[in-house]
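All remarks here apply to the structure that follows.
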Amino acid sequence: QKEVEQDPGPLSVPEGAIVSLNCTYSNSAFQYFMWYRQYSRKGPELLMYTYSSGNKEDGRFTAQVDKSSKYISLFIRDSQPSDSATYLCAMSAGAGYSTLTFGKGTMLLVSP
Amino acid sequence: EPEVTQTPSHQVTQMGQEVILRCVPISNHLYFYWYRQILGQKVEFLVSFYNNEISEKSEIFDDQFSVERPDGSNFTLKIRSTKLEDSAMYFCASNTGGVNSPLHFGNGTRLTVT
């Protein structure tokens, strides 16, 4: 079983749609969960950073973590064409200086 | 907003040659990292570096790889004798190492080994 699994997509939605992106993981030691956005030929850009289970909201983005199910989600409200990118989930067992384990990324395409 | 900068953006080299990839981490950050992403694959951890020494490395980071902080601002990754399979995007990242201190990534160096 892969450590972090993420549907590669592509996921195509019309502008204004609510987008749901998900990752599952197998390592119960993971405590810190991140979502990064990556545009083509660019580095990962941090969107959300959460610790343990629960929800976190930042503007149009909401991150959810369910540690009991080993399942994390990122919701994007009122999606825009500029949200078209690859979304990477990442997680670590420790804070700060711990190494990250990434999912493969989900490509999102938002059409005008 | 401060950012991690990497040079060059694209490096082409012949198999067997040495390459040095350069990074300038965010100035108040203390932990530095190299990750790589082979085309179509996951971003993978290579090495972390703190207080002028390697704190952790992955199986990928074998004797062909080395890292150095030659001065107060630069952080480098050297590949001694490149192989075709070293072709990838190499990302530098940094953070403060504190509890709520996620990694900030540079835009990467695309290494092509021919």
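Just remember, in the structure tokens the first chain shown is A, the second B, etc., residues are 1-based per chain, and ligands are 1-based in the order shown.
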Taking only C-alpha atoms into account, what are the residues of chain B at most 9 Å from chain A, put as a PDB file with all heavy atoms, in the first residue's frame?
```
ATOM      1  N   TYR B  31      16.518  25.667   8.677  1.00  0.00           N
ATOM      2  CA  TYR B  31      16.538  24.317   8.140  1.00  0.00           C
ATOM      3  C   TYR B  31      16.402  24.395   6.623  1.00  0.00           C
ATOM      4  O   TYR B  31      15.569  25.147   6.108  1.00  0.00           O
ATOM      5  CB  TYR B  31      15.383  23.484   8.711  1.00  0.00           C
ATOM      6  CG  TYR B  31      15.551  23.151  10.164  1.00  0.00           C
ATOM      7  CD1 TYR B  31      15.236  24.074  11.160  1.00  0.00           C
ATOM      8  CD2 TYR B  31      16.033  21.904  10.551  1.00  0.00           C
ATOM      9  CE1 TYR B  31      15.398  23.774  12.492  1.00  0.00           C
ATOM     10  CE2 TYR B  31      16.190  21.593  11.898  1.00  0.00           C
ATOM     11  CZ  TYR B  31      15.875  22.530  12.856  1.00  0.00           C
ATOM     12  OH  TYR B  31      16.044  22.230  14.186  1.00  0.00           O
ATOM     13  N   PHE B  32      17.205  23.606   5.951  1.00  0.00           N
ATOM     14  CA  PHE B  32      17.231  23.659   4.497  1.00  0.00           C
ATOM     15  C   PHE B  32      17.074  22.245   3.974  1.00  0.00           C
ATOM     16  O   PHE B  32      17.520  21.268   4.576  1.00  0.00           O
ATOM     17  CB  PHE B  32      18.554  24.260   4.006  1.00  0.00           C
ATOM     18  CG  PHE B  32      18.948  25.505   4.758  1.00  0.00           C
ATOM     19  CD1 PHE B  32      20.125  25.546   5.476  1.00  0.00           C
ATOM     20  CD2 PHE B  32      18.119  26.608   4.763  1.00  0.00           C
ATOM     21  CE1 PHE B  32      20.478  26.679   6.186  1.00  0.00           C
ATOM     22  CE2 PHE B  32      18.466  27.751   5.472  1.00  0.00           C
ATOM     23  CZ  PHE B  32      19.658  27.786   6.192  1.00  0.00           C
ATOM     24  N   TYR B  33      16.451  22.154   2.785  1.00  0.00           N
ATOM     25  CA  TYR B  33      16.079  20.851   2.232  1.00  0.00           C
ATOM     26  C   TYR B  33      16.271  20.840   0.724  1.00  0.00           C
ATOM     27  O   TYR B  33      16.175  21.872   0.059  1.00  0.00           O
ATOM     28  CB  TYR B  33      14.590  20.566   2.496  1.00  0.00           C
ATOM     29  CG  TYR B  33      14.139  20.736   3.928  1.00  0.00           C
ATOM     30  CD1 TYR B  33      13.853  21.998   4.443  1.00  0.00           C
ATOM     31  CD2 TYR B  33      13.980  19.628   4.755  1.00  0.00           C
ATOM     32  CE1 TYR B  33      13.434  22.159   5.747  1.00  0.00           C
ATOM     33  CE2 TYR B  33      13.553  19.787   6.068  1.00  0.00           C
ATOM     34  CZ  TYR B  33      13.282  21.041   6.551  1.00  0.00           C
ATOM     35  OH  TYR B  33      12.860  21.200   7.846  1.00  0.00           O
ATOM     36  N   GLY B  40       6.281  13.522 -13.894  1.00  0.00           N
ATOM     37  CA  GLY B  40       5.133  12.640 -13.723  1.00  0.00           C
ATOM     38  C   GLY B  40       5.110  11.875 -12.410  1.00  0.00           C
ATOM     39  O   GLY B  40       4.185  11.096 -12.168  1.00  0.00           O
ATOM     40  N   GLN B  41       6.110  12.111 -11.576  1.00  0.00           N
ATOM     41  CA  GLN B  41       6.193  11.380 -10.307  1.00  0.00           C
ATOM     42  C   GLN B  41       5.979  12.313  -9.112  1.00  0.00           C
ATOM     43  O   GLN B  41       5.807  13.522  -9.264  1.00  0.00           O
ATOM     44  CB  GLN B  41       7.564  10.701 -10.186  1.00  0.00           C
ATOM     45  CG  GLN B  41       7.880   9.740 -11.308  1.00  0.00           C
ATOM     46  CD  GLN B  41       6.902   8.588 -11.360  1.00  0.00           C
ATOM     47  OE1 GLN B  41       6.575   7.986 -10.338  1.00  0.00           O
ATOM     48  NE2 GLN B  41       6.409   8.282 -12.547  1.00  0.00           N
ATOM     49  N   LYS B  42       5.993  11.716  -7.918  1.00  0.00           N
ATOM     50  CA  LYS B  42       5.820  12.496  -6.692  1.00  0.00           C
ATOM     51  C   LYS B  42       7.047  13.348  -6.401  1.00  0.00           C
ATOM     52  O   LYS B  42       8.162  13.026  -6.820  1.00  0.00           O
ATOM     53  CB  LYS B  42       5.637  11.558  -5.504  1.00  0.00           C
ATOM     54  CG  LYS B  42       4.378  10.747  -5.506  1.00  0.00           C
ATOM     55  CD  LYS B  42       4.295   9.915  -4.219  1.00  0.00           C
ATOM     56  CE  LYS B  42       3.030   9.094  -4.179  1.00  0.00           C
ATOM     57  NZ  LYS B  42       2.890   8.359  -2.914  1.00  0.00           N
ATOM     58  N   VAL B  43       6.821  14.385  -5.639  1.00  0.00           N
ATOM     59  CA  VAL B  43       7.934  15.122  -5.039  1.00  0.00           C
ATOM     60  C   VAL B  43       8.533  14.226  -3.948  1.00  0.00           C
ATOM     61  O   VAL B  43       7.815  13.718  -3.085  1.00  0.00           O
ATOM     62  CB  VAL B  43       7.448  16.454  -4.440  1.00  0.00           C
ATOM     63  CG1 VAL B  43       8.590  17.174  -3.753  1.00  0.00           C
ATOM     64  CG2 VAL B  43       6.824  17.334  -5.525  1.00  0.00           C
ATOM     65  N   GLU B  44       9.863  14.039  -4.012  1.00  0.00           N
ATOM     66  CA  GLU B  44      10.532  13.100  -3.087  1.00  0.00           C
ATOM     67  C   GLU B  44      11.598  13.831  -2.278  1.00  0.00           C
ATOM     68  O   GLU B  44      12.368  14.625  -2.822  1.00  0.00           O
ATOM     69  CB  GLU B  44      11.244  11.995  -3.861  1.00  0.00           C
ATOM     70  CG  GLU B  44      10.390  11.163  -4.767  1.00  0.00           C
ATOM     71  CD  GLU B  44      11.258  10.224  -5.582  1.00  0.00           C
ATOM     72  OE1 GLU B  44      11.963  10.701  -6.495  1.00  0.00           O
ATOM     73  OE2 GLU B  44      11.238   9.012  -5.286  1.00  0.00           O
ATOM     74  N   PHE B  45      11.676  13.496  -1.026  1.00  0.00           N
ATOM     75  CA  PHE B  45      12.675  14.067  -0.131  1.00  0.00           C
ATOM     76  C   PHE B  45      14.064  13.513  -0.455  1.00  0.00           C
ATOM     77  O   PHE B  45      14.233  12.321  -0.691  1.00  0.00           O
ATOM     78  CB  PHE B  45      12.305  13.721   1.311  1.00  0.00           C
ATOM     79  CG  PHE B  45      13.378  13.997   2.321  1.00  0.00           C
ATOM     80  CD1 PHE B  45      13.675  15.295   2.694  1.00  0.00           C
ATOM     81  CD2 PHE B  45      14.089  12.955   2.905  1.00  0.00           C
ATOM     82  CE1 PHE B  45      14.659  15.552   3.632  1.00  0.00           C
ATOM     83  CE2 PHE B  45      15.069  13.194   3.840  1.00  0.00           C
ATOM     84  CZ  PHE B  45      15.355  14.503   4.215  1.00  0.00           C
ATOM     85  N   VAL B  47      17.231  15.358   1.206  1.00  0.00           N
ATOM     86  CA  VAL B  47      18.116  15.623   2.330  1.00  0.00           C
ATOM     87  C   VAL B  47      17.640  16.855   3.088  1.00  0.00           C
ATOM     88  O   VAL B  47      17.026  17.750   2.511  1.00  0.00           O
ATOM     89  CB  VAL B  47      19.558  15.831   1.814  1.00  0.00           C
ATOM     90  CG1 VAL B  47      19.654  17.086   0.965  1.00  0.00           C
ATOM     91  CG2 VAL B  47      20.578  15.852   2.935  1.00  0.00           C
ATOM     92  N   SER B  48      17.894  16.852   4.393  1.00  0.00           N
ATOM     93  CA  SER B  48      17.680  18.045   5.208  1.00  0.00           C
ATOM     94  C   SER B  48      19.001  18.432   5.871  1.00  0.00           C
ATOM     95  O   SER B  48      19.860  17.582   6.120  1.00  0.00           O
ATOM     96  CB  SER B  48      16.589  17.820   6.246  1.00  0.00           C
ATOM     97  OG  SER B  48      16.921  16.748   7.100  1.00  0.00           O
ATOM     98  N   GLU B  56      19.036  14.622   8.073  1.00  0.00           N
ATOM     99  CA  GLU B  56      18.354  13.421   7.599  1.00  0.00           C
ATOM    100  C   GLU B  56      18.570  13.302   6.091  1.00  0.00           C
ATOM    101  O   GLU B  56      18.691  14.318   5.408  1.00  0.00           O
ATOM    102  CB  GLU B  56      16.852  13.507   7.903  1.00  0.00           C
ATOM    103  CG  GLU B  56      16.088  12.228   7.717  1.00  0.00           C
ATOM    104  CD  GLU B  56      14.651  12.319   8.200  1.00  0.00           C
ATOM    105  OE1 GLU B  56      14.285  13.325   8.857  1.00  0.00           O
ATOM    106  OE2 GLU B  56      13.884  11.386   7.909  1.00  0.00           O
ATOM    107  N   MET B  89      13.217  17.707 -11.731  1.00  0.00           N
ATOM    108  CA  MET B  89      13.182  19.047 -11.121  1.00  0.00           C
ATOM    109  C   MET B  89      13.727  18.901  -9.705  1.00  0.00           C
ATOM    110  O   MET B  89      13.315  17.996  -8.961  1.00  0.00           O
ATOM    111  CB  MET B  89      11.750  19.560 -11.058  1.00  0.00           C
ATOM    112  CG  MET B  89      11.203  20.042 -12.369  1.00  0.00           C
ATOM    113  SD  MET B  89      11.949  21.571 -12.932  1.00  0.00           S
ATOM    114  CE  MET B  89      11.233  22.756 -11.773  1.00  0.00           C
ATOM    115  N   PHE B  91      14.051  20.807  -6.146  1.00  0.00           N
ATOM    116  CA  PHE B  91      13.495  21.912  -5.386  1.00  0.00           C
ATOM    117  C   PHE B  91      14.262  22.084  -4.078  1.00  0.00           C
ATOM    118  O   PHE B  91      14.476  21.118  -3.341  1.00  0.00           O
ATOM    119  CB  PHE B  91      12.019  21.666  -5.054  1.00  0.00           C
ATOM    120  CG  PHE B  91      11.127  21.637  -6.250  1.00  0.00           C
ATOM    121  CD1 PHE B  91      10.566  20.444  -6.683  1.00  0.00           C
ATOM    122  CD2 PHE B  91      10.818  22.799  -6.938  1.00  0.00           C
ATOM    123  CE1 PHE B  91       9.722  20.406  -7.784  1.00  0.00           C
ATOM    124  CE2 PHE B  91       9.975  22.783  -8.043  1.00  0.00           C
ATOM    125  CZ  PHE B  91       9.435  21.581  -8.463  1.00  0.00           C
ATOM    126  N   CYS B  92      14.613  23.304  -3.808  1.00  0.00           N
ATOM    127  CA  CYS B  92      15.168  23.676  -2.518  1.00  0.00           C
ATOM    128  C   CYS B  92      14.028  24.195  -1.656  1.00  0.00           C
ATOM    129  O   CYS B  92      13.072  24.803  -2.171  1.00  0.00           O
ATOM    130  CB  CYS B  92      16.221  24.762  -2.718  1.00  0.00           C
ATOM    131  SG  CYS B  92      16.927  25.438  -1.219  1.00  0.00           S
ATOM    132  N   ASN B  95      12.743  26.309   6.155  1.00  0.00           N
ATOM    133  CA  ASN B  95      11.808  26.751   7.182  1.00  0.00           C
ATOM    134  C   ASN B  95      12.577  27.089   8.447  1.00  0.00           C
ATOM    135  O   ASN B  95      13.796  26.873   8.542  1.00  0.00           O
ATOM    136  CB  ASN B  95      10.694  25.723   7.432  1.00  0.00           C
ATOM    137  CG  ASN B  95      11.172  24.418   8.052  1.00  0.00           C
ATOM    138  OD1 ASN B  95      12.364  24.163   8.169  1.00  0.00           O
ATOM    139  ND2 ASN B  95      10.231  23.590   8.458  1.00  0.00           N
ATOM    140  N   THR B  96      11.842  27.627   9.429  1.00  0.00           N
ATOM    141  CA  THR B  96      12.512  28.008  10.671  1.00  0.00           C
ATOM    142  C   THR B  96      12.739  26.811  11.576  1.00  0.00           C
ATOM    143  O   THR B  96      13.577  26.862  12.474  1.00  0.00           O
ATOM    144  CB  THR B  96      11.685  29.046  11.443  1.00  0.00           C
ATOM    145  OG1 THR B  96      10.438  28.443  11.814  1.00  0.00           O
ATOM    146  CG2 THR B  96      11.432  30.295  10.623  1.00  0.00           C
ATOM    147  N   GLY B  97      11.964  25.744  11.352  1.00  0.00           N
ATOM    148  CA  GLY B  97      12.076  24.571  12.203  1.00  0.00           C
ATOM    149  C   GLY B  97      11.151  24.603  13.403  1.00  0.00           C
ATOM    150  O   GLY B  97      11.107  23.665  14.170  1.00  0.00           O
ATOM    151  N   GLY B  98      10.393  25.684  13.563  1.00  0.00           N
ATOM    152  CA  GLY B  98       9.466  25.783  14.681  1.00  0.00           C
ATOM    153  C   GLY B  98       8.237  24.918  14.462  1.00  0.00           C
ATOM    154  O   GLY B  98       8.046  24.334  13.402  1.00  0.00           O
ATOM    155  N   VAL B  99       7.369  24.871  15.458  1.00  0.00           N
ATOM    156  CA  VAL B  99       6.211  23.989  15.410  1.00  0.00           C
ATOM    157  C   VAL B  99       5.286  24.314  14.227  1.00  0.00           C
ATOM    158  O   VAL B  99       4.864  23.443  13.495  1.00  0.00           O
ATOM    159  CB  VAL B  99       5.418  24.067  16.731  1.00  0.00           C
ATOM    160  CG1 VAL B  99       4.122  23.302  16.617  1.00  0.00           C
ATOM    161  CG2 VAL B  99       6.254  23.508  17.875  1.00  0.00           C
ATOM    162  N   ASN B 100       4.972  25.553  14.048  1.00  0.00           N
ATOM    163  CA  ASN B 100       4.108  25.935  12.924  1.00  0.00           C
ATOM    164  C   ASN B 100       4.943  26.546  11.825  1.00  0.00           C
ATOM    165  O   ASN B 100       4.806  27.721  11.488  1.00  0.00           O
ATOM    166  CB  ASN B 100       3.035  26.917  13.398  1.00  0.00           C
ATOM    167  CG  ASN B 100       1.992  26.226  14.237  1.00  0.00           C
ATOM    168  OD1 ASN B 100       1.465  25.183  13.864  1.00  0.00           O
ATOM    169  ND2 ASN B 100       1.715  26.791  15.391  1.00  0.00           N
ATOM    170  N   SER B 101       5.789  25.726  11.262  1.00  0.00           N
ATOM    171  CA  SER B 101       6.752  26.224  10.295  1.00  0.00           C
ATOM    172  C   SER B 101       6.789  25.324   9.071  1.00  0.00           C
ATOM    173  O   SER B 101       7.661  24.457   8.957  1.00  0.00           O
ATOM    174  CB  SER B 101       8.142  26.294  10.937  1.00  0.00           C
ATOM    175  OG  SER B 101       9.113  26.648   9.988  1.00  0.00           O
ATOM    176  N   PRO B 102       5.824  25.517   8.183  1.00  0.00           N
ATOM    177  CA  PRO B 102       5.816  24.683   6.979  1.00  0.00           C
ATOM    178  C   PRO B 102       6.976  25.038   6.050  1.00  0.00           C
ATOM    179  O   PRO B 102       7.575  26.100   6.161  1.00  0.00           O
ATOM    180  CB  PRO B 102       4.481  25.012   6.335  1.00  0.00           C
ATOM    181  CG  PRO B 102       4.170  26.387   6.815  1.00  0.00           C
ATOM    182  CD  PRO B 102       4.742  26.492   8.197  1.00  0.00           C
ATOM    183  N   LEU B 103       7.248  24.128   5.131  1.00  0.00           N
ATOM    184  CA  LEU B 103       8.319  24.345   4.169  1.00  0.00           C
ATOM    185  C   LEU B 103       7.894  25.321   3.081  1.00  0.00           C
ATOM    186  O   LEU B 103       6.770  25.266   2.580  1.00  0.00           O
ATOM    187  CB  LEU B 103       8.710  23.017   3.510  1.00  0.00           C
ATOM    188  CG  LEU B 103       9.831  22.224   4.175  1.00  0.00           C
ATOM    189  CD1 LEU B 103       9.471  21.832   5.576  1.00  0.00           C
ATOM    190  CD2 LEU B 103      10.203  21.030   3.330  1.00  0.00           C
ATOM    191  N   HIS B 104       8.815  26.201   2.718  1.00  0.00           N
ATOM    192  CA  HIS B 104       8.629  27.092   1.587  1.00  0.00           C
ATOM    193  C   HIS B 104       9.604  26.657   0.500  1.00  0.00           C
ATOM    194  O   HIS B 104      10.803  26.520   0.751  1.00  0.00           O
ATOM    195  CB  HIS B 104       8.896  28.541   2.001  1.00  0.00           C
ATOM    196  CG  HIS B 104       7.887  29.057   2.968  1.00  0.00           C
ATOM    197  ND1 HIS B 104       6.773  29.763   2.570  1.00  0.00           N
ATOM    198  CD2 HIS B 104       7.785  28.938   4.310  1.00  0.00           C
ATOM    199  CE1 HIS B 104       6.053  30.077   3.631  1.00  0.00           C
ATOM    200  NE2 HIS B 104       6.638  29.580   4.695  1.00  0.00           N
ATOM    201  N   PHE B 105       9.071  26.448  -0.683  1.00  0.00           N
ATOM    202  CA  PHE B 105       9.848  25.911  -1.791  1.00  0.00           C
ATOM    203  C   PHE B 105      10.251  26.987  -2.788  1.00  0.00           C
ATOM    204  O   PHE B 105       9.513  27.956  -3.007  1.00  0.00           O
ATOM    205  CB  PHE B 105       9.033  24.847  -2.539  1.00  0.00           C
ATOM    206  CG  PHE B 105       8.895  23.557  -1.802  1.00  0.00           C
ATOM    207  CD1 PHE B 105       7.929  23.395  -0.826  1.00  0.00           C
ATOM    208  CD2 PHE B 105       9.739  22.486  -2.087  1.00  0.00           C
ATOM    209  CE1 PHE B 105       7.797  22.187  -0.138  1.00  0.00           C
ATOM    210  CE2 PHE B 105       9.615  21.280  -1.412  1.00  0.00           C
ATOM    211  CZ  PHE B 105       8.648  21.140  -0.430  1.00  0.00           C
ATOM    212  N   GLY B 106      11.404  26.781  -3.412  1.00  0.00           N
ATOM    213  CA  GLY B 106      11.786  27.574  -4.564  1.00  0.00           C
ATOM    214  C   GLY B 106      11.112  27.050  -5.825  1.00  0.00           C
ATOM    215  O   GLY B 106      10.382  26.051  -5.780  1.00  0.00           O
ATOM    216  N   ASN B 107      11.368  27.717  -6.946  1.00  0.00           N
ATOM    217  CA  ASN B 107      10.742  27.314  -8.208  1.00  0.00           C
ATOM    218  C   ASN B 107      11.485  26.195  -8.924  1.00  0.00           C
ATOM    219  O   ASN B 107      11.053  25.755  -9.982  1.00  0.00           O
ATOM    220  CB  ASN B 107      10.593  28.511  -9.134  1.00  0.00           C
ATOM    221  CG  ASN B 107       9.370  29.333  -8.781  1.00  0.00           C
ATOM    222  OD1 ASN B 107       8.349  28.784  -8.353  1.00  0.00           O
ATOM    223  ND2 ASN B 107       9.463  30.636  -8.937  1.00  0.00           N
ATOM    224  N   GLY B 108      12.584  25.774  -8.363  1.00  0.00           N
ATOM    225  CA  GLY B 108      13.228  24.578  -8.866  1.00  0.00           C
ATOM    226  C   GLY B 108      14.259  24.811  -9.947  1.00  0.00           C
ATOM    227  O   GLY B 108      14.279  25.852 -10.613  1.00  0.00           O
ATOM    228  N   ARG B 110      15.456  22.659 -13.268  1.00  0.00           N
ATOM    229  CA  ARG B 110      15.186  21.482 -14.105  1.00  0.00           C
ATOM    230  C   ARG B 110      16.526  20.964 -14.622  1.00  0.00           C
ATOM    231  O   ARG B 110      17.219  21.665 -15.370  1.00  0.00           O
ATOM    232  CB  ARG B 110      14.254  21.852 -15.259  1.00  0.00           C
ATOM    233  CG  ARG B 110      13.896  20.648 -16.137  1.00  0.00           C
ATOM    234  CD  ARG B 110      12.591  20.882 -16.874  1.00  0.00           C
ATOM    235  NE  ARG B 110      12.653  22.007 -17.796  1.00  0.00           N
ATOM    236  CZ  ARG B 110      12.785  21.890 -19.112  1.00  0.00           C
ATOM    237  NH1 ARG B 110      12.910  20.698 -19.649  1.00  0.00           N
ATOM    238  NH2 ARG B 110      12.802  22.960 -19.874  1.00  0.00           N
TER     239      ARG B 110
END
```
Problem - Long-range neighbours of Ile79 (chain B) as a PyMOL selection string, 12 Å cut-off, only C-alpha atoms, 2 positions minimum in chain - result: chain B and resi 13+15-22+60-68+76-77+81-83+85-87+90+111+113
Got time to write the residues from that selection, N, CA, C and O atoms, as an mmCIF file, in the first residue's frame?
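Generated output (selection_24.cif):
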```cif
data_model
loop_
_atom_site.group_PDB
_atom_site.id
_atom_site.type_symbol
_atom_site.label_atom_id
_atom_site.label_comp_id
_atom_site.auth_asym_id
_atom_site.auth_seq_id
_atom_site.Cartn_x
_atom_site.Cartn_y
_atom_site.Cartn_z
ATOM 1 N N THR B 13 23.271 18.842 -18.833
ATOM 2 C CA THR B 13 24.618 18.332 -18.639
ATOM 3 C C THR B 13 24.736 16.956 -19.273
ATOM 4 O O THR B 13 23.740 16.279 -19.513
ATOM 5 N N MET B 15 25.986 13.025 -19.210
ATOM 6 C CA MET B 15 26.159 11.937 -18.257
ATOM 7 C C MET B 15 27.612 11.868 -17.805
ATOM 8 O O MET B 15 28.542 11.985 -18.623
ATOM 9 N N GLY B 16 27.791 11.723 -16.507
ATOM 10 C CA GLY B 16 29.135 11.624 -15.957
ATOM 11 C C GLY B 16 29.718 12.948 -15.490
ATOM 12 O O GLY B 16 30.730 12.969 -14.776
ATOM 13 N N GLN B 17 29.080 14.043 -15.869
ATOM 14 C CA GLN B 17 29.558 15.361 -15.451
ATOM 15 C C GLN B 17 29.044 15.707 -14.061
ATOM 16 O O GLN B 17 28.030 15.194 -13.587
ATOM 17 N N GLU B 18 29.760 16.621 -13.430
ATOM 18 C CA GLU B 18 29.344 17.131 -12.116
ATOM 19 C C GLU B 18 28.459 18.360 -12.308
ATOM 20 O O GLU B 18 28.710 19.174 -13.194
ATOM 21 N N VAL B 19 27.437 18.472 -11.482
ATOM 22 C CA VAL B 19 26.611 19.680 -11.500
ATOM 23 C C VAL B 19 26.441 20.196 -10.079
ATOM 24 O O VAL B 19 26.454 19.421 -9.119
ATOM 25 N N ILE B 20 26.301 21.492 -9.983
ATOM 26 C CA ILE B 20 26.002 22.135 -8.701
ATOM 27 C C ILE B 20 24.743 22.976 -8.875
ATOM 28 O O ILE B 20 24.686 23.847 -9.747
ATOM 29 N N LEU B 21 23.769 22.677 -8.057
ATOM 30 C CA LEU B 21 22.525 23.433 -8.058
ATOM 31 C C LEU B 21 22.555 24.360 -6.851
ATOM 32 O O LEU B 21 22.922 23.951 -5.750
ATOM 33 N N ARG B 22 22.111 25.588 -7.083
ATOM 34 C CA ARG B 22 22.264 26.608 -6.042
ATOM 35 C C ARG B 22 20.927 27.116 -5.542
ATOM 36 O O ARG B 22 19.953 27.215 -6.303
ATOM 37 N N ILE B 60 17.676 7.861 -1.695
ATOM 38 C CA ILE B 60 18.085 8.423 -2.983
ATOM 39 C C ILE B 60 19.420 9.146 -2.844
ATOM 40 O O ILE B 60 20.247 9.148 -3.748
ATOM 41 N N PHE B 61 19.630 9.759 -1.705
ATOM 42 C CA PHE B 61 20.795 10.611 -1.467
ATOM 43 C C PHE B 61 21.996 9.731 -1.178
ATOM 44 O O PHE B 61 22.366 9.513 -0.011
ATOM 45 N N ASP B 62 22.599 9.186 -2.254
ATOM 46 C CA ASP B 62 23.742 8.300 -2.075
ATOM 47 C C ASP B 62 25.047 9.093 -2.190
ATOM 48 O O ASP B 62 25.045 10.326 -2.144
ATOM 49 N N ASP B 63 26.146 8.385 -2.319
ATOM 50 C CA ASP B 63 27.462 9.022 -2.288
ATOM 51 C C ASP B 63 27.706 9.969 -3.462
ATOM 52 O O ASP B 63 28.683 10.728 -3.448
ATOM 53 N N GLN B 64 26.858 9.903 -4.471
ATOM 54 C CA GLN B 64 27.001 10.821 -5.599
ATOM 55 C C GLN B 64 26.520 12.236 -5.265
ATOM 56 O O GLN B 64 26.815 13.174 -5.979
ATOM 57 N N PHE B 65 25.768 12.347 -4.181
ATOM 58 C CA PHE B 65 25.176 13.624 -3.803
ATOM 59 C C PHE B 65 25.915 14.213 -2.600
ATOM 60 O O PHE B 65 26.379 13.480 -1.715
ATOM 61 N N SER B 66 25.994 15.524 -2.581
ATOM 62 C CA SER B 66 26.493 16.203 -1.386
ATOM 63 C C SER B 66 25.832 17.573 -1.294
ATOM 64 O O SER B 66 25.352 18.106 -2.299
ATOM 65 N N VAL B 67 25.767 18.092 -0.088
ATOM 66 C CA VAL B 67 25.204 19.422 0.127
ATOM 67 C C VAL B 67 26.211 20.243 0.922
ATOM 68 O O VAL B 67 27.030 19.716 1.669
ATOM 69 N N GLU B 68 26.069 21.550 0.751
ATOM 70 C CA GLU B 68 27.012 22.452 1.413
ATOM 71 C C GLU B 68 26.351 23.803 1.599
ATOM 72 O O GLU B 68 25.515 24.215 0.795
ATOM 73 N N THR B 76 23.870 24.597 -1.445
ATOM 74 C CA THR B 76 24.084 23.949 -2.741
ATOM 75 C C THR B 76 23.895 22.448 -2.668
ATOM 76 O O THR B 76 24.109 21.821 -1.628
ATOM 77 N N LEU B 77 23.496 21.891 -3.809
ATOM 78 C CA LEU B 77 23.410 20.447 -3.996
ATOM 79 C C LEU B 77 24.364 20.094 -5.137
ATOM 80 O O LEU B 77 24.252 20.647 -6.229
ATOM 81 N N SER B 81 28.678 12.714 -10.376
ATOM 82 C CA SER B 81 28.766 12.076 -11.694
ATOM 83 C C SER B 81 27.339 11.757 -12.125
ATOM 84 O O SER B 81 26.779 10.729 -11.754
ATOM 85 N N THR B 82 26.760 12.660 -12.903
ATOM 86 C CA THR B 82 25.330 12.546 -13.201
ATOM 87 C C THR B 82 25.009 11.327 -14.056
ATOM 88 O O THR B 82 25.794 10.907 -14.917
ATOM 89 N N LYS B 83 23.822 10.794 -13.795
ATOM 90 C CA LYS B 83 23.282 9.669 -14.560
ATOM 91 C C LYS B 83 22.008 10.147 -15.249
ATOM 92 O O LYS B 83 21.396 11.142 -14.855
ATOM 93 N N GLU B 85 19.139 8.969 -15.042
ATOM 94 C CA GLU B 85 18.000 8.942 -14.110
ATOM 95 C C GLU B 85 18.023 10.081 -13.090
ATOM 96 O O GLU B 85 17.100 10.214 -12.293
ATOM 97 N N ASP B 86 19.056 10.906 -13.116
ATOM 98 C CA ASP B 86 19.075 12.093 -12.265
ATOM 99 C C ASP B 86 18.275 13.238 -12.878
ATOM 100 O O ASP B 86 18.065 14.276 -12.233
ATOM 101 N N SER B 87 17.845 13.077 -14.107
ATOM 102 C CA SER B 87 17.032 14.107 -14.762
ATOM 103 C C SER B 87 15.735 14.287 -13.980
ATOM 104 O O SER B 87 14.981 13.322 -13.782
ATOM 105 N N TYR B 90 14.630 19.771 -9.341
ATOM 106 C CA TYR B 90 15.194 19.764 -7.991
ATOM 107 C C TYR B 90 14.718 21.022 -7.279
ATOM 108 O O TYR B 90 14.939 22.134 -7.741
ATOM 109 N N LEU B 111 16.885 19.779 -14.189
ATOM 110 C CA LEU B 111 18.152 19.167 -14.600
ATOM 111 C C LEU B 111 17.870 18.144 -15.683
ATOM 112 O O LEU B 111 17.065 17.229 -15.489
ATOM 113 N N VAL B 113 19.873 15.439 -18.008
ATOM 114 C CA VAL B 113 21.133 14.715 -18.230
ATOM 115 C C VAL B 113 21.017 13.979 -19.556
ATOM 116 O O VAL B 113 20.081 13.191 -19.751
#
```
Practice task
Write down as an MDAnalysis selection string the residues belonging to region 6-112 of chain B that are assigned strand (DSSP E) by DSSP computed on the backbone.
Solution key: chainID B and resid 6:7 10:13 19:24 31:37 43:50 53:57 65:68 75:79 88:95 104:105 109:112
Problem - Residues near Gly16 (chain A), cut-off 8 Å, only C-alpha atoms, skip fewer than 5 positions along chain, as a list of chain:residue names - result: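 Non-adjacent residues within range: A:Arg77, A:Asp78, A:Ser79, A:Gln80.
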Problem - region 20-22 of chain A surroundings by only C-alpha atoms, 10 Å radius, close-in-sequence under 4 positions cut, as number ranges by chain - result: A: 5-7, 9, 11, 35, 62-65, 71-77, 87-89, 103, 105-108
Exercise for the section: Go through B:Ile54, B:Leu46, B:Val12, B:Val4 one by one, measure the shortest atom-to-atom distance of each to Pro25 (chain B) using only C-alpha atoms, and give the residue with the smallest value. Expected result: B:Val4
Completion exercise
For Pro112 (chain A), the closest of A:Ser69, A:Ser26, A:Asn55, A:Ser84 counting only C-alpha atoms is A:Ser84
Practice task
Would you work out the distance separating CA of Glu3 (chain A) from CA of Asp66 (chain A), expressed in Å to one decimal?
Solution key: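 Result for CA of Glu3 (chain A) versus CA of Asp66 (chain A): 16.0 Å, one decimal.
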